[in-house]
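Structure below is data24.pdb: PDB, C-alpha atoms, pLDDT in the B column.
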ATOM      1  CA  MET R 291     184.680 149.174-102.360  1.00 56.00           C
ATOM      2  CA  ASN R 292     185.864 150.934 -99.208  1.00 74.00           C
ATOM      3  CA  LYS R 293     189.660 150.815 -98.880  1.00 81.00           C
ATOM      4  CA  GLU R 294     189.422 150.591 -95.109  1.00 82.00           C
ATOM      5  CA  PHE R 295     187.218 147.505 -95.443  1.00 81.00           C
ATOM      6  CA  LEU R 296     189.730 145.896 -97.804  1.00 86.00           C
ATOM      7  CA  LYS R 297     192.573 146.597 -95.385  1.00 86.00           C
ATOM      8  CA  LYS R 298     190.675 145.059 -92.476  1.00 84.00           C
ATOM      9  CA  THR R 299     189.728 142.051 -94.610  1.00 88.00           C
ATOM     10  CA  GLY R 300     193.393 141.619 -95.498  1.00 89.00           C
ATOM     11  CA  ALA R 301     194.338 141.772 -91.814  1.00 91.00           C
ATOM     12  CA  VAL R 302     191.758 139.063 -91.016  1.00 89.00           C
ATOM     13  CA  LEU R 303     193.129 136.838 -93.782  1.00 91.00           C
ATOM     14  CA  VAL R 304     196.669 137.284 -92.468  1.00 94.00           C
ATOM     15  CA  ALA R 305     195.495 136.360 -88.962  1.00 92.00           C
ATOM     16  CA  LEU R 306     193.727 133.248 -90.316  1.00 90.00           C
ATOM     17  CA  ALA R 307     196.872 132.241 -92.234  1.00 93.00           C
ATOM     18  CA  LEU R 308     198.952 132.615 -89.070  1.00 95.00           C
ATOM     19  CA  TRP R 309     196.390 130.585 -87.119  1.00 91.00           C
ATOM     20  CA  GLN R 310     196.538 127.843 -89.785  1.00 92.00           C
ATOM     21  CA  ALA R 311     200.342 127.827 -89.720  1.00 94.00           C
ATOM     22  CA  VAL R 312     200.503 127.515 -85.916  1.00 92.00           C
ATOM     23  CA  SER R 313     197.861 124.762 -86.007  1.00 91.00           C
ATOM     24  CA  MET R 314     199.894 122.804 -88.554  1.00 91.00           C
ATOM     25  CA  ILE R 315     203.092 123.228 -86.524  1.00 91.00           C
ATOM     26  CA  ILE R 316     201.399 121.950 -83.344  1.00 90.00           C
ATOM     27  CA  GLY R 317     199.694 119.165 -85.261  1.00 85.00           C
ATOM     28  CA  MET R 318     197.149 118.357 -82.538  1.00 86.00           C
ATOM     29  CA  ASP R 319     193.524 119.440 -82.909  1.00 83.00           C
ATOM     30  CA  MET R 320     193.025 118.864 -79.193  1.00 84.00           C
ATOM     31  CA  LEU R 321     195.407 121.786 -78.509  1.00 86.00           C
ATOM     32  CA  LEU R 322     194.610 124.065 -81.459  1.00 90.00           C
ATOM     33  CA  ALA R 323     192.039 123.227 -84.120  1.00 91.00           C
ATOM     34  CA  SER R 324     192.614 124.661 -87.585  1.00 91.00           C
ATOM     35  CA  PRO R 325     190.396 127.449 -89.005  1.00 92.00           C
ATOM     36  CA  LEU R 326     188.857 124.966 -91.450  1.00 92.00           C
ATOM     37  CA  LYS R 327     187.821 122.570 -88.695  1.00 93.00           C
ATOM     38  CA  VAL R 328     186.374 125.445 -86.681  1.00 94.00           C
ATOM     39  CA  LEU R 329     184.446 126.571 -89.763  1.00 93.00           C
ATOM     40  CA  ILE R 330     183.110 123.043 -90.258  1.00 94.00           C
ATOM     41  CA  ARG R 331     182.041 122.931 -86.598  1.00 93.00           C
ATOM     42  CA  LEU R 332     180.355 126.324 -86.945  1.00 93.00           C
ATOM     43  CA  SER R 333     178.324 124.951 -89.850  1.00 92.00           C
ATOM     44  CA  THR R 334     176.868 122.248 -87.589  1.00 93.00           C
ATOM     45  CA  ILE R 335     176.783 123.823 -84.123  1.00 93.00           C
ATOM     46  CA  TRP R 336     173.739 125.978 -84.899  1.00 90.00           C
ATOM     47  CA  ARG R 337     171.687 122.844 -85.621  1.00 91.00           C
ATOM     48  CA  GLU R 338     172.011 121.581 -82.060  1.00 90.00           C
ATOM     49  CA  ARG R 339     168.769 121.472 -80.098  1.00 90.00           C
ATOM     50  CA  ASP R 340     169.804 123.934 -77.390  1.00 91.00           C
ATOM     51  CA  PHE R 341     171.797 126.337 -79.590  1.00 94.00           C
ATOM     52  CA  LEU R 342     169.171 129.095 -79.815  1.00 94.00           C
ATOM     53  CA  SER R 343     168.195 128.856 -76.145  1.00 94.00           C
ATOM     54  CA  THR R 344     171.876 129.101 -75.155  1.00 95.00           C
ATOM     55  CA  LEU R 345     172.329 132.239 -77.269  1.00 95.00           C
ATOM     56  CA  LEU R 346     169.184 133.860 -75.895  1.00 95.00           C
ATOM     57  CA  PHE R 347     170.148 133.001 -72.306  1.00 95.00           C
ATOM     58  CA  SER R 348     173.505 134.781 -72.531  1.00 95.00           C
ATOM     59  CA  VAL R 349     172.454 137.616 -74.859  1.00 95.00           C
ATOM     60  CA  CYS R 350     169.490 138.645 -72.680  1.00 95.00           C
ATOM     61  CA  ARG R 351     171.511 138.685 -69.465  1.00 94.00           C
ATOM     62  CA  ILE R 352     174.710 140.260 -70.779  1.00 96.00           C
ATOM     63  CA  PHE R 353     172.975 142.870 -72.899  1.00 95.00           C
ATOM     64  CA  GLY R 354     170.481 143.459 -70.081  1.00 95.00           C
ATOM     65  CA  GLY R 355     173.371 144.222 -67.733  1.00 95.00           C
ATOM     66  CA  PHE R 356     174.831 146.607 -70.282  1.00 97.00           C
ATOM     67  CA  LEU R 357     171.506 148.417 -70.776  1.00 96.00           C
ATOM     68  CA  LEU R 358     171.148 148.814 -67.024  1.00 96.00           C
ATOM     69  CA  ALA R 359     174.671 150.284 -66.864  1.00 97.00           C
ATOM     70  CA  PHE R 360     173.826 152.544 -69.821  1.00 96.00           C
ATOM     71  CA  LEU R 361     170.762 154.023 -68.108  1.00 96.00           C
ATOM     72  CA  VAL R 362     172.238 154.251 -64.605  1.00 96.00           C
ATOM     73  CA  GLY R 363     175.583 155.555 -65.897  1.00 96.00           C
ATOM     74  CA  ILE R 364     173.990 158.347 -67.938  1.00 93.00           C
ATOM     75  CA  GLY R 365     171.576 159.284 -65.146  1.00 93.00           C
ATOM     76  CA  LEU R 366     174.246 159.491 -62.449  1.00 95.00           C
ATOM     77  CA  ALA R 367     176.680 161.289 -64.764  1.00 94.00           C
ATOM     78  CA  LEU R 368     174.079 163.987 -65.527  1.00 88.00           C
ATOM     79  CA  LEU R 369     173.424 164.431 -61.809  1.00 91.00           C
ATOM     80  CA  ALA R 370     177.141 164.407 -60.953  1.00 92.00           C
ATOM     81  CA  GLY R 371     177.763 166.986 -63.666  1.00 86.00           C
ATOM     82  CA  ARG R 372     175.231 169.241 -61.991  1.00 83.00           C
ATOM     83  CA  PHE R 373     176.064 168.476 -58.357  1.00 89.00           C
ATOM     84  CA  ARG R 374     179.776 168.351 -57.526  1.00 91.00           C
ATOM     85  CA  THR R 375     179.048 166.774 -54.126  1.00 94.00           C
ATOM     86  CA  LEU R 376     177.461 163.729 -55.774  1.00 93.00           C
ATOM     87  CA  GLU R 377     180.472 163.310 -58.069  1.00 93.00           C
ATOM     88  CA  ILE R 378     182.774 163.271 -55.024  1.00 94.00           C
ATOM     89  CA  LEU R 379     180.527 160.778 -53.192  1.00 95.00           C
ATOM     90  CA  LEU R 380     180.483 158.443 -56.214  1.00 94.00           C
ATOM     91  CA  TRP R 381     184.234 158.686 -56.837  1.00 95.00           C
ATOM     92  CA  PRO R 382     185.404 155.889 -54.443  1.00 94.00           C
ATOM     93  CA  TYR R 383     182.828 153.446 -55.838  1.00 93.00           C
ATOM     94  CA  VAL R 384     183.755 154.160 -59.455  1.00 94.00           C
ATOM     95  CA  VAL R 385     187.474 153.843 -58.722  1.00 93.00           C
ATOM     96  CA  THR R 386     186.921 150.586 -56.807  1.00 92.00           C
ATOM     97  CA  ILE R 387     184.909 149.047 -59.652  1.00 91.00           C
ATOM     98  CA  LYS R 388     187.588 150.099 -62.139  1.00 89.00           C
ATOM     99  CA  THR R 389     190.513 148.667 -60.192  1.00 90.00           C
ATOM    100  CA  VAL R 390     189.251 145.508 -58.442  1.00 88.00           C
ATOM    101  CA  PRO R 391     189.824 142.371 -60.589  1.00 88.00           C
ATOM    102  CA  ILE R 392     186.633 141.112 -62.170  1.00 87.00           C
ATOM    103  CA  ALA R 393     187.356 137.620 -60.804  1.00 86.00           C
ATOM    104  CA  SER R 394     186.979 139.001 -57.270  1.00 88.00           C
ATOM    105  CA  PHE R 395     183.524 140.372 -58.070  1.00 88.00           C
ATOM    106  CA  ILE R 396     182.518 137.089 -59.710  1.00 87.00           C
ATOM    107  CA  ILE R 397     183.491 135.107 -56.621  1.00 87.00           C
ATOM    108  CA  LEU R 398     181.555 137.529 -54.398  1.00 86.00           C
ATOM    109  CA  CYS R 399     178.547 137.250 -56.706  1.00 85.00           C
ATOM    110  CA  LEU R 400     178.602 133.467 -56.326  1.00 82.00           C
ATOM    111  CA  ILE R 401     177.875 134.144 -52.647  1.00 83.00           C
ATOM    112  CA  TRP R 402     175.460 137.064 -53.016  1.00 82.00           C
ATOM    113  CA  PHE R 403     173.327 136.264 -56.071  1.00 77.00           C
ATOM    114  CA  SER R 404     171.655 133.405 -57.883  1.00 73.00           C
ATOM    115  CA  TYR R 405     173.410 132.138 -60.984  1.00 73.00           C
ATOM    116  CA  THR R 406     170.957 133.833 -63.356  1.00 72.00           C
ATOM    117  CA  GLN R 407     171.342 137.216 -61.629  1.00 81.00           C
ATOM    118  CA  MET R 408     175.131 137.029 -61.528  1.00 88.00           C
ATOM    119  CA  THR R 409     175.683 137.517 -65.266  1.00 91.00           C
ATOM    120  CA  VAL R 410     173.486 140.623 -65.321  1.00 93.00           C
ATOM    121  CA  PHE R 411     175.261 142.136 -62.336  1.00 92.00           C
ATOM    122  CA  ILE R 412     178.777 141.445 -63.654  1.00 93.00           C
ATOM    123  CA  ALA R 413     177.925 142.895 -67.093  1.00 94.00           C
ATOM    124  CA  PHE R 414     176.467 145.953 -65.360  1.00 95.00           C
ATOM    125  CA  LEU R 415     179.468 146.315 -63.086  1.00 93.00           C
ATOM    126  CA  ILE R 416     182.046 146.249 -65.871  1.00 94.00           C
ATOM    127  CA  ALA R 417     180.098 148.638 -68.160  1.00 96.00           C
ATOM    128  CA  PHE R 418     178.924 151.186 -65.599  1.00 96.00           C
ATOM    129  CA  PRO R 419     182.227 153.043 -64.904  1.00 95.00           C
ATOM    130  CA  VAL R 420     182.956 153.264 -68.646  1.00 95.00           C
ATOM    131  CA  ILE R 421     179.573 154.856 -69.402  1.00 96.00           C
ATOM    132  CA  TYR R 422     179.572 157.076 -66.324  1.00 96.00           C
ATOM    133  CA  SER R 423     183.131 158.397 -66.748  1.00 95.00           C
ATOM    134  CA  ASN R 424     182.767 159.132 -70.454  1.00 94.00           C
ATOM    135  CA  VAL R 425     179.413 160.899 -70.130  1.00 93.00           C
ATOM    136  CA  LEU R 426     180.761 162.964 -67.228  1.00 93.00           C
ATOM    137  CA  GLN R 427     183.790 163.871 -69.338  1.00 91.00           C
ATOM    138  CA  GLY R 428     181.453 164.891 -72.165  1.00 87.00           C
ATOM    139  CA  ILE R 429     179.509 167.135 -69.800  1.00 84.00           C
ATOM    140  CA  ARG R 430     182.736 168.724 -68.565  1.00 83.00           C
ATOM    141  CA  SER R 431     183.847 169.393 -72.155  1.00 79.00           C
ATOM    142  CA  THR R 432     180.655 171.249 -73.144  1.00 70.00           C
ATOM    143  CA  ASP R 433     181.484 174.653 -74.607  1.00 62.00           C
ATOM    144  CA  PRO R 434     181.100 177.244 -71.778  1.00 62.00           C
ATOM    145  CA  GLN R 435     179.915 179.832 -74.316  1.00 61.00           C
ATOM    146  CA  MET R 436     177.047 177.539 -75.314  1.00 59.00           C
ATOM    147  CA  LEU R 437     176.065 177.132 -71.671  1.00 57.00           C
ATOM    148  CA  GLU R 438     176.218 180.884 -71.173  1.00 59.00           C
ATOM    149  CA  MET R 439     174.083 181.476 -74.246  1.00 60.00           C
ATOM    150  CA  ALA R 440     171.553 178.918 -72.964  1.00 57.00           C
ATOM    151  CA  GLU R 441     171.308 180.844 -69.697  1.00 61.00           C
ATOM    152  CA  ILE R 442     170.838 184.159 -71.510  1.00 58.00           C
ATOM    153  CA  TYR R 443     168.017 182.789 -73.652  1.00 55.00           C
ATOM    154  CA  LYS R 444     166.580 180.808 -70.704  1.00 58.00           C
ATOM    155  CA  VAL R 445     167.009 177.403 -72.386  1.00 58.00           C
ATOM    156  CA  ARG R 446     166.586 174.877 -69.594  1.00 60.00           C
ATOM    157  CA  GLY R 447     165.559 171.315 -68.822  1.00 57.00           C
ATOM    158  CA  ILE R 448     165.190 168.830 -71.673  1.00 60.00           C
ATOM    159  CA  ARG R 449     165.786 171.455 -74.366  1.00 61.00           C
ATOM    160  CA  LYS R 450     169.114 172.400 -72.793  1.00 62.00           C
ATOM    161  CA  LEU R 451     170.096 168.741 -72.569  1.00 63.00           C
ATOM    162  CA  PHE R 452     169.273 167.965 -76.206  1.00 62.00           C
ATOM    163  CA  TYR R 453     170.469 171.135 -77.906  1.00 62.00           C
ATOM    164  CA  VAL R 454     173.381 172.250 -75.721  1.00 64.00           C
ATOM    165  CA  GLN R 455     174.841 169.318 -73.798  1.00 69.00           C
ATOM    166  CA  LEU R 456     174.128 166.271 -75.964  1.00 75.00           C
ATOM    167  CA  PRO R 457     176.182 167.449 -78.990  1.00 76.00           C
ATOM    168  CA  GLY R 458     179.231 167.442 -76.718  1.00 78.00           C
ATOM    169  CA  ILE R 459     178.276 164.240 -74.897  1.00 84.00           C
ATOM    170  CA  MET R 460     177.446 162.066 -77.937  1.00 88.00           C
ATOM    171  CA  PRO R 461     181.022 161.413 -79.163  1.00 88.00           C
ATOM    172  CA  PHE R 462     181.995 160.332 -75.644  1.00 91.00           C
ATOM    173  CA  LEU R 463     178.833 158.243 -75.240  1.00 92.00           C
ATOM    174  CA  THR R 464     179.167 156.369 -78.530  1.00 92.00           C
ATOM    175  CA  SER R 465     182.831 155.659 -77.815  1.00 92.00           C
ATOM    176  CA  ALA R 466     181.928 154.434 -74.324  1.00 94.00           C
ATOM    177  CA  CYS R 467     179.221 152.128 -75.687  1.00 94.00           C
ATOM    178  CA  SER R 468     181.623 150.626 -78.223  1.00 93.00           C
ATOM    179  CA  VAL R 469     184.041 149.743 -75.428  1.00 94.00           C
ATOM    180  CA  ALA R 470     181.462 148.805 -72.775  1.00 95.00           C
ATOM    181  CA  ILE R 471     179.546 146.295 -74.919  1.00 96.00           C
ATOM    182  CA  GLY R 472     182.707 144.323 -75.672  1.00 94.00           C
ATOM    183  CA  MET R 473     183.785 144.460 -72.027  1.00 94.00           C
ATOM    184  CA  SER R 474     180.325 143.318 -70.911  1.00 95.00           C
ATOM    185  CA  TRP R 475     180.610 140.242 -73.113  1.00 95.00           C
ATOM    186  CA  LYS R 476     184.089 139.418 -71.827  1.00 93.00           C
ATOM    187  CA  ALA R 477     183.090 139.799 -68.186  1.00 93.00           C
ATOM    188  CA  GLY R 478     179.647 138.212 -68.576  1.00 94.00           C
ATOM    189  CA  VAL R 479     180.965 135.085 -70.276  1.00 95.00           C
ATOM    190  CA  ALA R 480     183.795 134.876 -67.716  1.00 93.00           C
ATOM    191  CA  ALA R 481     181.149 134.894 -64.963  1.00 92.00           C
ATOM    192  CA  GLU R 482     179.254 132.120 -66.750  1.00 92.00           C
ATOM    193  CA  VAL R 483     182.409 130.016 -67.075  1.00 93.00           C
ATOM    194  CA  ILE R 484     183.498 130.445 -63.440  1.00 89.00           C
ATOM    195  CA  GLY R 485     179.954 129.913 -62.144  1.00 87.00           C
ATOM    196  CA  VAL R 486     179.323 127.079 -64.661  1.00 86.00           C
ATOM    197  CA  ILE R 487     175.872 128.548 -65.272  1.00 89.00           C
ATOM    198  CA  ASN R 488     173.607 125.970 -66.902  1.00 90.00           C
ATOM    199  CA  GLY R 489     172.218 126.868 -70.313  1.00 91.00           C
ATOM    200  CA  SER R 490     174.770 129.613 -70.983  1.00 94.00           C
ATOM    201  CA  ILE R 491     177.536 130.140 -73.518  1.00 95.00           C
ATOM    202  CA  GLY R 492     179.962 130.051 -70.604  1.00 94.00           C
ATOM    203  CA  GLN R 493     178.856 126.502 -69.785  1.00 94.00           C
ATOM    204  CA  LYS R 494     179.536 125.487 -73.402  1.00 95.00           C
ATOM    205  CA  LEU R 495     183.065 126.888 -73.109  1.00 95.00           C
ATOM    206  CA  TYR R 496     183.570 125.088 -69.805  1.00 94.00           C
ATOM    207  CA  ASP R 497     182.352 121.762 -71.234  1.00 93.00           C
ATOM    208  CA  ALA R 498     184.610 122.174 -74.264  1.00 93.00           C
ATOM    209  CA  LYS R 499     187.589 122.655 -71.951  1.00 90.00           C
ATOM    210  CA  ILE R 500     186.697 119.665 -69.782  1.00 91.00           C
ATOM    211  CA  TYR R 501     186.325 117.329 -72.772  1.00 87.00           C
ATOM    212  CA  PHE R 502     189.252 118.813 -74.771  1.00 87.00           C
ATOM    213  CA  GLN R 503     186.948 119.824 -77.628  1.00 91.00           C
ATOM    214  CA  ASN R 504     189.102 122.618 -79.007  1.00 92.00           C
ATOM    215  CA  ALA R 505     187.004 123.072 -82.157  1.00 93.00           C
ATOM    216  CA  ASP R 506     183.921 123.648 -79.985  1.00 94.00           C
ATOM    217  CA  LEU R 507     185.836 126.046 -77.748  1.00 94.00           C
ATOM    218  CA  LEU R 508     187.029 128.133 -80.696  1.00 94.00           C
ATOM    219  CA  SER R 509     183.632 127.953 -82.424  1.00 95.00           C
ATOM    220  CA  TRP R 510     181.842 129.400 -79.389  1.00 96.00           C
ATOM    221  CA  THR R 511     184.592 132.007 -79.106  1.00 95.00           C
ATOM    222  CA  VAL R 512     183.933 133.070 -82.708  1.00 94.00           C
ATOM    223  CA  ILE R 513     180.202 133.250 -81.941  1.00 96.00           C
ATOM    224  CA  ILE R 514     180.903 135.487 -78.924  1.00 96.00           C
ATOM    225  CA  ILE R 515     183.026 137.803 -81.086  1.00 94.00           C
ATOM    226  CA  LEU R 516     180.303 138.024 -83.735  1.00 94.00           C
ATOM    227  CA  LEU R 517     177.590 138.727 -81.144  1.00 95.00           C
ATOM    228  CA  SER R 518     179.728 141.381 -79.458  1.00 95.00           C
ATOM    229  CA  VAL R 519     180.648 143.177 -82.700  1.00 93.00           C
ATOM    230  CA  ALA R 520     177.109 142.984 -84.112  1.00 95.00           C
ATOM    231  CA  GLY R 521     175.613 144.206 -80.831  1.00 94.00           C
ATOM    232  CA  GLU R 522     178.045 147.106 -80.682  1.00 94.00           C
ATOM    233  CA  LYS R 523     177.402 148.244 -84.275  1.00 93.00           C
ATOM    234  CA  LEU R 524     173.622 147.937 -83.997  1.00 95.00           C
ATOM    235  CA  PHE R 525     173.378 149.697 -80.643  1.00 95.00           C
ATOM    236  CA  VAL R 526     175.652 152.603 -81.612  1.00 93.00           C
ATOM    237  CA  ARG R 527     173.781 153.137 -84.897  1.00 93.00           C
ATOM    238  CA  LEU R 528     170.433 152.990 -83.115  1.00 93.00           C
ATOM    239  CA  LEU R 529     171.686 155.481 -80.521  1.00 91.00           C
ATOM    240  CA  GLN R 530     172.875 157.887 -83.224  1.00 88.00           C
ATOM    241  CA  ALA R 531     169.603 157.533 -85.156  1.00 88.00           C
ATOM    242  CA  LEU R 532     167.525 158.247 -82.031  1.00 84.00           C
ATOM    243  CA  TYR R 533     169.674 161.288 -81.250  1.00 81.00           C
ATOM    244  CA  ARG R 534     169.270 162.719 -84.770  1.00 81.00           C
ATOM    245  CA  LYS R 535     165.512 162.151 -84.611  1.00 78.00           C
ATOM    246  CA  ALA R 536     165.251 163.813 -81.200  1.00 70.00           C
ATOM    247  CA  VAL R 537     167.283 166.850 -82.291  1.00 67.00           C
ATOM    248  CA  ARG R 538     165.116 167.408 -85.407  1.00 68.00           C
ATOM    249  CA  ARG R 539     161.987 167.810 -83.277  1.00 62.00           C
TER
END
As structure tokens:
Amino acid sequence: MNKEFLKKTGAVLVALALWQAVSMIIGMDMLLASPLKVLIRLSTIWRERDFLSTLLFSVCRIFGGFLLAFLVGIGLALLAGRFRTLEILLWPYVVTIKTVPIASFIILCLIWFSYTQMTVFIAFLIAFPVIYSNVLQGIRSTDPQMLEMAEIYKVRGIRKLFYVQLPGIMPFLTSACSVAIGMSWKAGVAAEVIGVINGSIGQKLYDAKIYFQNADLLSWTVIIILLSVAGEKLFVRLLQALYRKAVRR
């Protein structure tokens, strides 16, 4: 068995033991439910009538926002890498999105958009600068000798992108996706909580807070973590598989 996996499993067990210890010290499930009670709640929460529809509601909107950021971020980064003027024009927007608190954007979105559109936009907004900046950095780090060789042999267009630029971009892109998916979930669920969007995971968290259902709150938090990690692993592996298939052609 992989040693790294064993180490991470050990770290999780230590964290669970610490959680259990703190829960026992507090002694009030309303403030901090124990891991066992959260596990018991997880075993029943999926049987609820609206469980699947709640998951699909949030997954489709949050992951949809990320996919939009993925496509727009890559497209604009490729153009900015080619046209310096576009990079300069985009710079103030990228910096603003990076620095303005996400709560400010959520409040603005409550004014500008419908509740269903807000989650998509917030997930897009938080993921876009990560994708764009990393892809642009990957383009900038492409080996100049490879670019020169491509010019000599007249390799242009899609072939230049796949065989010359993408090998340098891919490490940056996969790293960006790993970060951006998790950030999209954090921001998307935050938007759902603040907007109290009906039928969303955020609404479940909000209801759990209102009714002091700490086991429910922690159970939905665990579900969010699992969805985020699973989504990240699946998307990155799919991206790498598609890249390898494209390069072999």
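For the atom pair formed by atom CA of Phe347 of chain R and atom CA of Gly489 of chain R, the distance is 6.8 Å, given to one decimal.
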Quick check, in Å to one decimal: how far apart do atom CA of Tyr422 of chain R and atom CA of Val362 of chain R lie?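 Separating atom CA of Tyr422 of chain R from atom CA of Val362 of chain R is a distance of 8.0 Å.
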From the options R:Ile412, R:Ala505, R:Ala481, R:Leu358, which residue's atoms come nearest to Ile330 of chain R, counting all atoms listed in the file?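 Comparing R:Ile412, R:Ala505, R:Ala481, R:Leu358 against Ile330 of chain R, the winner is R:Ala505.
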Could you work out how far atom CA of Leu345 of chain R lies from atom CA of Arg331 of chain R, giving the answer in Å with one decimal?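 Straight-line distance from atom CA of Arg331 of chain R to atom CA of Leu345 of chain R works out to 16.4 Å.
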Select from segment 321-408 of chain R every residue with an atom at most 12 Å from any atom of segment 513-534 of chain R, then for each give the shortest pair of atoms and their distance in Å to one decimal, using only C-alpha atoms, rows by chain and rising number, as CSV.
residue,atom,partner,partner_atom,distance
R:Val328,CA,R:Ile513,CA,11.0
R:Leu329,CA,R:Ile513,CA,11.1
R:Arg331,CA,R:Ile513,CA,11.5
R:Leu332,CA,R:Ile513,CA,8.5
R:Ser333,CA,R:Ile513,CA,11.6
R:Ile335,CA,R:Ile513,CA,10.3
R:Trp336,CA,R:Ile513,CA,10.2
R:Phe341,CA,R:Ile513,CA,11.1
R:Leu342,CA,R:Ile513,CA,12.0
R:Thr344,CA,R:Ile513,CA,11.5
R:Leu345,CA,R:Leu517,CA,9.2
R:Leu346,CA,R:Leu517,CA,11.0
R:Ser348,CA,R:Ile514,CA,9.8
R:Val349,CA,R:Leu517,CA,8.2
R:Cys350,CA,R:Gly521,CA,11.6
R:Ile352,CA,R:Ser518,CA,10.1
R:Phe353,CA,R:Gly521,CA,8.5
R:Gly354,CA,R:Gly521,CA,11.9
R:Phe356,CA,R:Gly521,CA,10.8
R:Leu357,CA,R:Phe525,CA,10.1
R:Phe360,CA,R:Phe525,CA,11.2
